[in-house]
>>> print(open('query-v8.pdb').read())   # PDB, C-alpha atoms, pLDDT in the B column
ATOM      1  CA  LEU X   4      61.446 -11.521  -1.431  1.00 91.00           C
ATOM      2  CA  TYR X   5      64.544 -10.987   0.678  1.00 94.00           C
ATOM      3  CA  TRP X   6      66.116 -11.484   4.061  1.00 94.00           C
ATOM      4  CA  VAL X   7      67.234  -8.312   5.817  1.00 94.00           C
ATOM      5  CA  LYS X   8      70.227  -9.108   8.039  1.00 89.00           C
ATOM      6  CA  ALA X   9      71.588  -6.013   9.738  1.00 84.00           C
ATOM      7  CA  PRO X  10      74.751  -6.291  11.867  1.00 85.00           C
ATOM      8  CA  ASN X  11      74.066  -7.721  15.347  1.00 87.00           C
ATOM      9  CA  GLN X  12      70.417  -8.506  14.441  1.00 87.00           C
ATOM     10  CA  ASN X  13      68.603 -11.670  13.451  1.00 90.00           C
ATOM     11  CA  PRO X  14      67.515 -11.881   9.816  1.00 92.00           C
ATOM     12  CA  VAL X  15      63.970 -10.753   8.996  1.00 93.00           C
ATOM     13  CA  PRO X  16      61.996 -11.719   5.870  1.00 95.00           C
ATOM     14  CA  ALA X  17      60.939  -8.721   3.771  1.00 94.00           C
ATOM     15  CA  GLU X  18      59.553  -7.714   0.403  1.00 92.00           C
ATOM     16  CA  LEU X  19      61.093  -5.052  -1.815  1.00 88.00           C
ATOM     17  CA  CYS X  20      58.789  -2.065  -2.363  1.00 82.00           C
ATOM     18  CA  ASP X  21      58.343  -0.555  -5.813  1.00 68.00           C
ATOM     19  CA  LEU X  22      59.331   3.107  -5.827  1.00 65.00           C
ATOM     20  CA  GLU X  23      58.881   4.294  -9.402  1.00 60.00           C
ATOM     21  CA  ASP X  24      57.418   7.565  -8.169  1.00 54.00           C
ATOM     22  CA  ARG X  25      60.368   8.501  -5.926  1.00 58.00           C
ATOM     23  CA  SER X  26      61.538  12.078  -6.186  1.00 63.00           C
ATOM     24  CA  GLU X  27      65.053  12.894  -7.396  1.00 63.00           C
ATOM     25  CA  ALA X  28      66.008  14.094  -3.897  1.00 63.00           C
ATOM     26  CA  ASP X  29      64.681  10.866  -2.383  1.00 66.00           C
ATOM     27  CA  ARG X  30      66.681   8.783  -4.876  1.00 63.00           C
ATOM     28  CA  ASP X  31      69.875  10.657  -4.030  1.00 69.00           C
ATOM     29  CA  LYS X  32      69.292  10.395  -0.280  1.00 76.00           C
ATOM     30  CA  HIS X  33      68.702   6.617  -0.385  1.00 75.00           C
ATOM     31  CA  GLN X  34      71.065   5.789  -3.233  1.00 77.00           C
ATOM     32  CA  ASP X  35      72.552   2.651  -1.642  1.00 85.00           C
ATOM     33  CA  GLU X  36      69.376   1.567   0.139  1.00 88.00           C
ATOM     34  CA  CYS X  37      66.200  -0.339  -0.646  1.00 86.00           C
ATOM     35  CA  LEU X  38      62.772   0.312   0.826  1.00 86.00           C
ATOM     36  CA  MET X  39      61.647  -2.973   2.341  1.00 89.00           C
ATOM     37  CA  CYS X  40      58.324  -4.020   3.859  1.00 90.00           C
ATOM     38  CA  LEU X  41      59.104  -6.298   6.799  1.00 92.00           C
ATOM     39  CA  PHE X  42      56.859  -9.339   7.152  1.00 93.00           C
ATOM     40  CA  GLY X  43      54.993  -9.565  10.425  1.00 89.00           C
ATOM     41  CA  SER X  44      55.163  -5.921  11.454  1.00 89.00           C
ATOM     42  CA  GLY X  45      54.459  -4.497   7.996  1.00 87.00           C
ATOM     43  CA  GLU X  46      57.022  -1.807   8.828  1.00 88.00           C
ATOM     44  CA  LEU X  47      58.533   0.046   5.863  1.00 87.00           C
ATOM     45  CA  LYS X  48      62.246   0.506   6.369  1.00 88.00           C
ATOM     46  CA  TRP X  49      65.146   1.842   4.302  1.00 89.00           C
ATOM     47  CA  VAL X  50      67.836  -0.846   4.338  1.00 91.00           C
ATOM     48  CA  ASP X  51      71.434  -0.834   3.155  1.00 91.00           C
ATOM     49  CA  ARG X  52      71.618  -3.052   0.043  1.00 91.00           C
ATOM     50  CA  ARG X  53      74.509  -4.998   1.559  1.00 91.00           C
ATOM     51  CA  TRP X  54      72.160  -6.288   4.269  1.00 92.00           C
ATOM     52  CA  CYS X  55      69.712  -7.834   1.765  1.00 92.00           C
ATOM     53  CA  SER X  56      69.958 -11.485   0.691  1.00 92.00           C
ATOM     54  CA  GLU X  57      67.609 -13.333  -1.640  1.00 92.00           C
ATOM     55  CA  PHE X  58      64.902 -15.160   0.290  1.00 92.00           C
ATOM     56  CA  LYS X  59      64.651 -18.614  -1.268  1.00 91.00           C
ATOM     57  CA  PRO X  60      68.386 -19.461  -1.633  1.00 92.00           C
ATOM     58  CA  ASN X  61      68.971 -18.454   2.016  1.00 91.00           C
ATOM     59  CA  LEU X  62      65.809 -19.953   3.515  1.00 91.00           C
ATOM     60  CA  GLU X  63      67.434 -22.931   5.249  1.00 92.00           C
ATOM     61  CA  ARG X  64      70.395 -20.842   6.400  1.00 90.00           C
ATOM     62  CA  PHE X  65      68.229 -18.196   8.119  1.00 92.00           C
ATOM     63  CA  ARG X  66      65.227 -20.340   9.161  1.00 91.00           C
ATOM     64  CA  ARG X  67      66.975 -21.326  12.414  1.00 91.00           C
ATOM     65  CA  PHE X  68      66.805 -17.697  13.611  1.00 91.00           C
ATOM     66  CA  CYS X  69      62.988 -17.648  13.433  1.00 91.00           C
ATOM     67  CA  VAL X  70      62.235 -19.200  16.820  1.00 90.00           C
ATOM     68  CA  SER X  71      60.113 -16.585  18.598  1.00 92.00           C
ATOM     69  CA  ASP X  72      56.378 -16.449  17.925  1.00 93.00           C
ATOM     70  CA  LYS X  73      56.767 -13.136  16.105  1.00 92.00           C
ATOM     71  CA  ALA X  74      59.665 -14.371  13.960  1.00 92.00           C
ATOM     72  CA  SER X  75      57.856 -17.645  13.172  1.00 93.00           C
ATOM     73  CA  GLU X  76      54.781 -15.713  12.049  1.00 93.00           C
ATOM     74  CA  SER X  77      56.950 -13.457   9.857  1.00 93.00           C
ATOM     75  CA  LEU X  78      58.550 -16.498   8.264  1.00 94.00           C
ATOM     76  CA  HIS X  79      55.143 -18.103   7.695  1.00 93.00           C
ATOM     77  CA  LEU X  80      53.858 -14.928   5.986  1.00 92.00           C
ATOM     78  CA  ALA X  81      56.955 -14.763   3.759  1.00 92.00           C
ATOM     79  CA  GLU X  82      56.682 -18.441   2.778  1.00 93.00           C
ATOM     80  CA  THR X  83      52.986 -17.962   1.967  1.00 91.00           C
ATOM     81  CA  ARG X  84      53.842 -14.926  -0.162  1.00 88.00           C
ATOM     82  CA  MET X  85      56.558 -16.922  -1.948  1.00 88.00           C
ATOM     83  CA  GLN X  86      54.048 -19.696  -2.734  1.00 86.00           C
ATOM     84  CA  ASP X  87      51.509 -17.132  -3.951  1.00 81.00           C
ATOM     85  CA  LEU X  88      54.051 -15.506  -6.249  1.00 79.00           C
ATOM     86  CA  GLN X  89      55.052 -18.904  -7.628  1.00 78.00           C
ATOM     87  CA  ALA X  90      51.410 -19.883  -8.175  1.00 73.00           C
ATOM     88  CA  ILE X  91      50.718 -16.592  -9.940  1.00 66.00           C
ATOM     89  CA  THR X  92      53.597 -17.107 -12.364  1.00 66.00           C
ATOM     90  CA  ASN X  93      52.223 -20.569 -13.186  1.00 66.00           C
ATOM     91  CA  ILE X  94      48.682 -19.461 -14.060  1.00 60.00           C
ATOM     92  CA  GLY X  95      47.163 -18.118 -17.220  1.00 58.00           C
ATOM     93  CA  GLY X  96      46.299 -14.459 -17.414  1.00 61.00           C
ATOM     94  CA  VAL X  97      49.809 -13.201 -16.643  1.00 60.00           C
ATOM     95  CA  ASP X  98      50.899 -10.304 -18.840  1.00 61.00           C
ATOM     96  CA  ARG X  99      54.613 -10.106 -18.122  1.00 56.00           C
ATOM     97  CA  ASP X 100      55.092  -7.056 -20.374  1.00 60.00           C
ATOM     98  CA  LYS X 101      52.675  -5.017 -18.272  1.00 60.00           C
ATOM     99  CA  GLY X 102      53.484  -6.780 -15.010  1.00 55.00           C
ATOM    100  CA  THR X 103      49.815  -7.546 -14.417  1.00 57.00           C
ATOM    101  CA  PHE X 104      47.830 -10.681 -13.792  1.00 56.00           C
ATOM    102  CA  ILE X 105      44.304 -11.866 -13.208  1.00 57.00           C
ATOM    103  CA  VAL X 106      43.916 -13.456  -9.796  1.00 54.00           C
ATOM    104  CA  PRO X 107      41.552 -16.436  -9.826  1.00 54.00           C
ATOM    105  CA  ALA X 108      38.745 -16.381  -7.259  1.00 53.00           C
ATOM    106  CA  ARG X 109      40.387 -19.227  -5.330  1.00 54.00           C
ATOM    107  CA  PHE X 110      43.331 -17.017  -4.311  1.00 52.00           C
ATOM    108  CA  GLU X 111      43.066 -15.125  -1.046  1.00 59.00           C
ATOM    109  CA  LYS X 112      45.471 -12.209  -1.091  1.00 62.00           C
ATOM    110  CA  VAL X 113      46.912  -9.864   1.477  1.00 67.00           C
ATOM    111  CA  ILE X 114      47.350  -6.377   0.092  1.00 70.00           C
ATOM    112  CA  ARG X 115      50.113  -4.385   1.720  1.00 74.00           C
ATOM    113  CA  VAL X 116      50.736  -0.649   1.795  1.00 76.00           C
ATOM    114  CA  GLY X 117      53.053   0.212  -1.082  1.00 76.00           C
ATOM    115  CA  SER X 118      51.727  -2.562  -3.354  1.00 76.00           C
ATOM    116  CA  ILE X 119      50.966  -1.608  -6.933  1.00 74.00           C
ATOM    117  CA  VAL X 120      47.562  -2.824  -8.128  1.00 74.00           C
ATOM    118  CA  GLU X 121      45.413  -2.300 -11.208  1.00 74.00           C
ATOM    119  CA  VAL X 122      42.191  -0.458 -10.538  1.00 73.00           C
ATOM    120  CA  GLU X 123      39.179  -0.023 -12.803  1.00 76.00           C
ATOM    121  CA  VAL X 124      38.233   3.668 -12.969  1.00 74.00           C
ATOM    122  CA  GLU X 125      35.403   5.482 -14.729  1.00 77.00           C
ATOM    123  CA  ASP X 126      35.590   8.872 -16.402  1.00 75.00           C
ATOM    124  CA  PRO X 127      32.537  10.706 -14.986  1.00 76.00           C
ATOM    125  CA  THR X 128      32.104  12.750 -18.178  1.00 81.00           C
ATOM    126  CA  THR X 129      32.261   9.989 -20.785  1.00 81.00           C
ATOM    127  CA  ARG X 130      31.310   7.079 -18.483  1.00 78.00           C
ATOM    128  CA  ARG X 131      34.152   5.095 -20.098  1.00 80.00           C
ATOM    129  CA  THR X 132      36.126   2.744 -17.875  1.00 77.00           C
ATOM    130  CA  GLU X 133      39.767   1.795 -18.026  1.00 77.00           C
ATOM    131  CA  TRP X 134      42.305  -0.072 -15.918  1.00 77.00           C
ATOM    132  CA  VAL X 135      45.078   2.037 -14.433  1.00 75.00           C
ATOM    133  CA  PRO X 136      47.885   1.274 -11.973  1.00 75.00           C
ATOM    134  CA  GLY X 137      47.351   2.416  -8.410  1.00 74.00           C
ATOM    135  CA  LYS X 138      49.486   2.354  -5.280  1.00 76.00           C
ATOM    136  CA  VAL X 139      47.979   1.053  -2.050  1.00 74.00           C
ATOM    137  CA  THR X 140      48.248   3.727   0.633  1.00 74.00           C
ATOM    138  CA  VAL X 141      45.820   2.430   3.270  1.00 67.00           C
ATOM    139  CA  VAL X 142      44.706  -1.105   4.120  1.00 64.00           C
ATOM    140  CA  GLN X 143      41.667  -1.814   6.267  1.00 57.00           C
ATOM    141  CA  GLN X 144      40.953  -5.230   7.730  1.00 53.00           C
ATOM    142  CA  ASP X 145      37.459  -6.612   8.249  1.00 44.00           C
TER     143      ASP X 145
END
>>> encode(input="query-v8.pdb", output="structure tokens")
Amino acid sequence: LYWVKAPNQNPVPAELCDLEDRSEADRDKHQDECLMCLFGSGELKWVDRRWCSEFKPNLERFRRFCVSDKASESLHLAETRMQDLQAITNIGGVDRDKGTFIVPARFEKVIRVGSIVEVEVEDPTTRRTEWVPGKVTVVQQD
């Protein structure tokens, strides 16, 4: 989790997006940038790395800028995500080598576009199932 603080703008909490499947041209074009998902709006935005600060160490410093309803909601979402990530690292079932975990039923999660998740798939020919990584491209709310 990070704060994105562009010149002449208030800081916004954001989460770094995983881009393992970026093309070579895309990597060259955005060499000094990170793709961030902004909390609140869910907007994906390329951001200059110099504008990104770690979330937790700068929380008290930037909290005072989150006064509007929209900014307060963004901060609340980021703090909830931070607590979720901390809780996940403290539970059993975490496979740090694979970067996967089993989420207990008591966790309610928000899945964002760009998230990497493990999905159980079935080979229609052999009827065998396996878990494979998948990237979230669309999110529907109930």
>>> residues_around(input="query-v8.pdb", residues="Ser56 of chain X", least_positions_apart="3", cutoff="8 Å", atoms="only C-alpha atoms", output="list of chain:residue names")
X:Tyr5, X:Trp6, X:Val7, X:Lys8, X:Arg53, X:Asn61
>>> atom_distance(input="query-v8.pdb", atom1="atom CA of Arg66 of chain X", atom2="atom CA of Pro16 of chain X")
9.8 Å
>>> resolve_selection(input="query-v8.pdb", expression="the PyMOL selection byres ((chain X and resi 55) around 12)", output="list in words")
Leu4, Tyr5, Trp6, Val7, Lys8, Ala9, Pro10, Pro14, Val15, Pro16, Ala17, Glu18, Leu19, Asp35, Glu36, Cys37, Leu38, Met39, Leu41, Trp49, Val50, Asp51, Arg52, Arg53, Trp54, Ser56, Glu57, Phe58 and Asn61 of chain X
>>> write_last_selection(input="query-v8.pdb", atoms="C-alpha atoms", output="CSV table (one decimal), in the coordinates of the input")
chain,number,residue,atom,x,y,z
X,4,LEU,CA,61.4,-11.5,-1.4
X,5,TYR,CA,64.5,-11.0,0.7
X,6,TRP,CA,66.1,-11.5,4.1
X,7,VAL,CA,67.2,-8.3,5.8
X,8,LYS,CA,70.2,-9.1,8.0
X,9,ALA,CA,71.6,-6.0,9.7
X,10,PRO,CA,74.8,-6.3,11.9
X,14,PRO,CA,67.5,-11.9,9.8
X,15,VAL,CA,64.0,-10.8,9.0
X,16,PRO,CA,62.0,-11.7,5.9
X,17,ALA,CA,60.9,-8.7,3.8
X,18,GLU,CA,59.6,-7.7,0.4
X,19,LEU,CA,61.1,-5.1,-1.8
X,35,ASP,CA,72.6,2.7,-1.6
X,36,GLU,CA,69.4,1.6,0.1
X,37,CYS,CA,66.2,-0.3,-0.6
X,38,LEU,CA,62.8,0.3,0.8
X,39,MET,CA,61.6,-3.0,2.3
X,41,LEU,CA,59.1,-6.3,6.8
X,49,TRP,CA,65.1,1.8,4.3
X,50,VAL,CA,67.8,-0.8,4.3
X,51,ASP,CA,71.4,-0.8,3.2
X,52,ARG,CA,71.6,-3.1,0.0
X,53,ARG,CA,74.5,-5.0,1.6
X,54,TRP,CA,72.2,-6.3,4.3
X,56,SER,CA,70.0,-11.5,0.7
X,57,GLU,CA,67.6,-13.3,-1.6
X,58,PHE,CA,64.9,-15.2,0.3
X,61,ASN,CA,69.0,-18.5,2.0
>>> resolve_selection(input="query-v8.pdb", expression="the PyMOL selection byres ((chain X and resi 74) around 12)", output="PDB file with C-alpha atoms, in the coordinates of the input")
ATOM      1  CA  ASN X  13      68.603 -11.670  13.451  1.00 90.00           C
ATOM      2  CA  PRO X  14      67.515 -11.881   9.816  1.00 92.00           C
ATOM      3  CA  VAL X  15      63.970 -10.753   8.996  1.00 93.00           C
ATOM      4  CA  PRO X  16      61.996 -11.719   5.870  1.00 95.00           C
ATOM      5  CA  ALA X  17      60.939  -8.721   3.771  1.00 94.00           C
ATOM      6  CA  LEU X  41      59.104  -6.298   6.799  1.00 92.00           C
ATOM      7  CA  PHE X  42      56.859  -9.339   7.152  1.00 93.00           C
ATOM      8  CA  GLY X  43      54.993  -9.565  10.425  1.00 89.00           C
ATOM      9  CA  SER X  44      55.163  -5.921  11.454  1.00 89.00           C
ATOM     10  CA  PHE X  65      68.229 -18.196   8.119  1.00 92.00           C
ATOM     11  CA  ARG X  66      65.227 -20.340   9.161  1.00 91.00           C
ATOM     12  CA  ARG X  67      66.975 -21.326  12.414  1.00 91.00           C
ATOM     13  CA  PHE X  68      66.805 -17.697  13.611  1.00 91.00           C
ATOM     14  CA  CYS X  69      62.988 -17.648  13.433  1.00 91.00           C
ATOM     15  CA  VAL X  70      62.235 -19.200  16.820  1.00 90.00           C
ATOM     16  CA  SER X  71      60.113 -16.585  18.598  1.00 92.00           C
ATOM     17  CA  ASP X  72      56.378 -16.449  17.925  1.00 93.00           C
ATOM     18  CA  LYS X  73      56.767 -13.136  16.105  1.00 92.00           C
ATOM     19  CA  SER X  75      57.856 -17.645  13.172  1.00 93.00           C
ATOM     20  CA  GLU X  76      54.781 -15.713  12.049  1.00 93.00           C
ATOM     21  CA  SER X  77      56.950 -13.457   9.857  1.00 93.00           C
ATOM     22  CA  LEU X  78      58.550 -16.498   8.264  1.00 94.00           C
ATOM     23  CA  HIS X  79      55.143 -18.103   7.695  1.00 93.00           C
ATOM     24  CA  LEU X  80      53.858 -14.928   5.986  1.00 92.00           C
ATOM     25  CA  ALA X  81      56.955 -14.763   3.759  1.00 92.00           C
TER      26      ALA X  81
END
>>> atom_distance(input="query-v8.pdb", atom1="atom CA of Val116 of chain X", atom2="atom CA of Thr83 of chain X")
17.5 Å
>>> atom_distance(input="query-v8.pdb", atom1="atom CA of Glu46 of chain X", atom2="atom CA of Thr140 of chain X")
13.2 Å
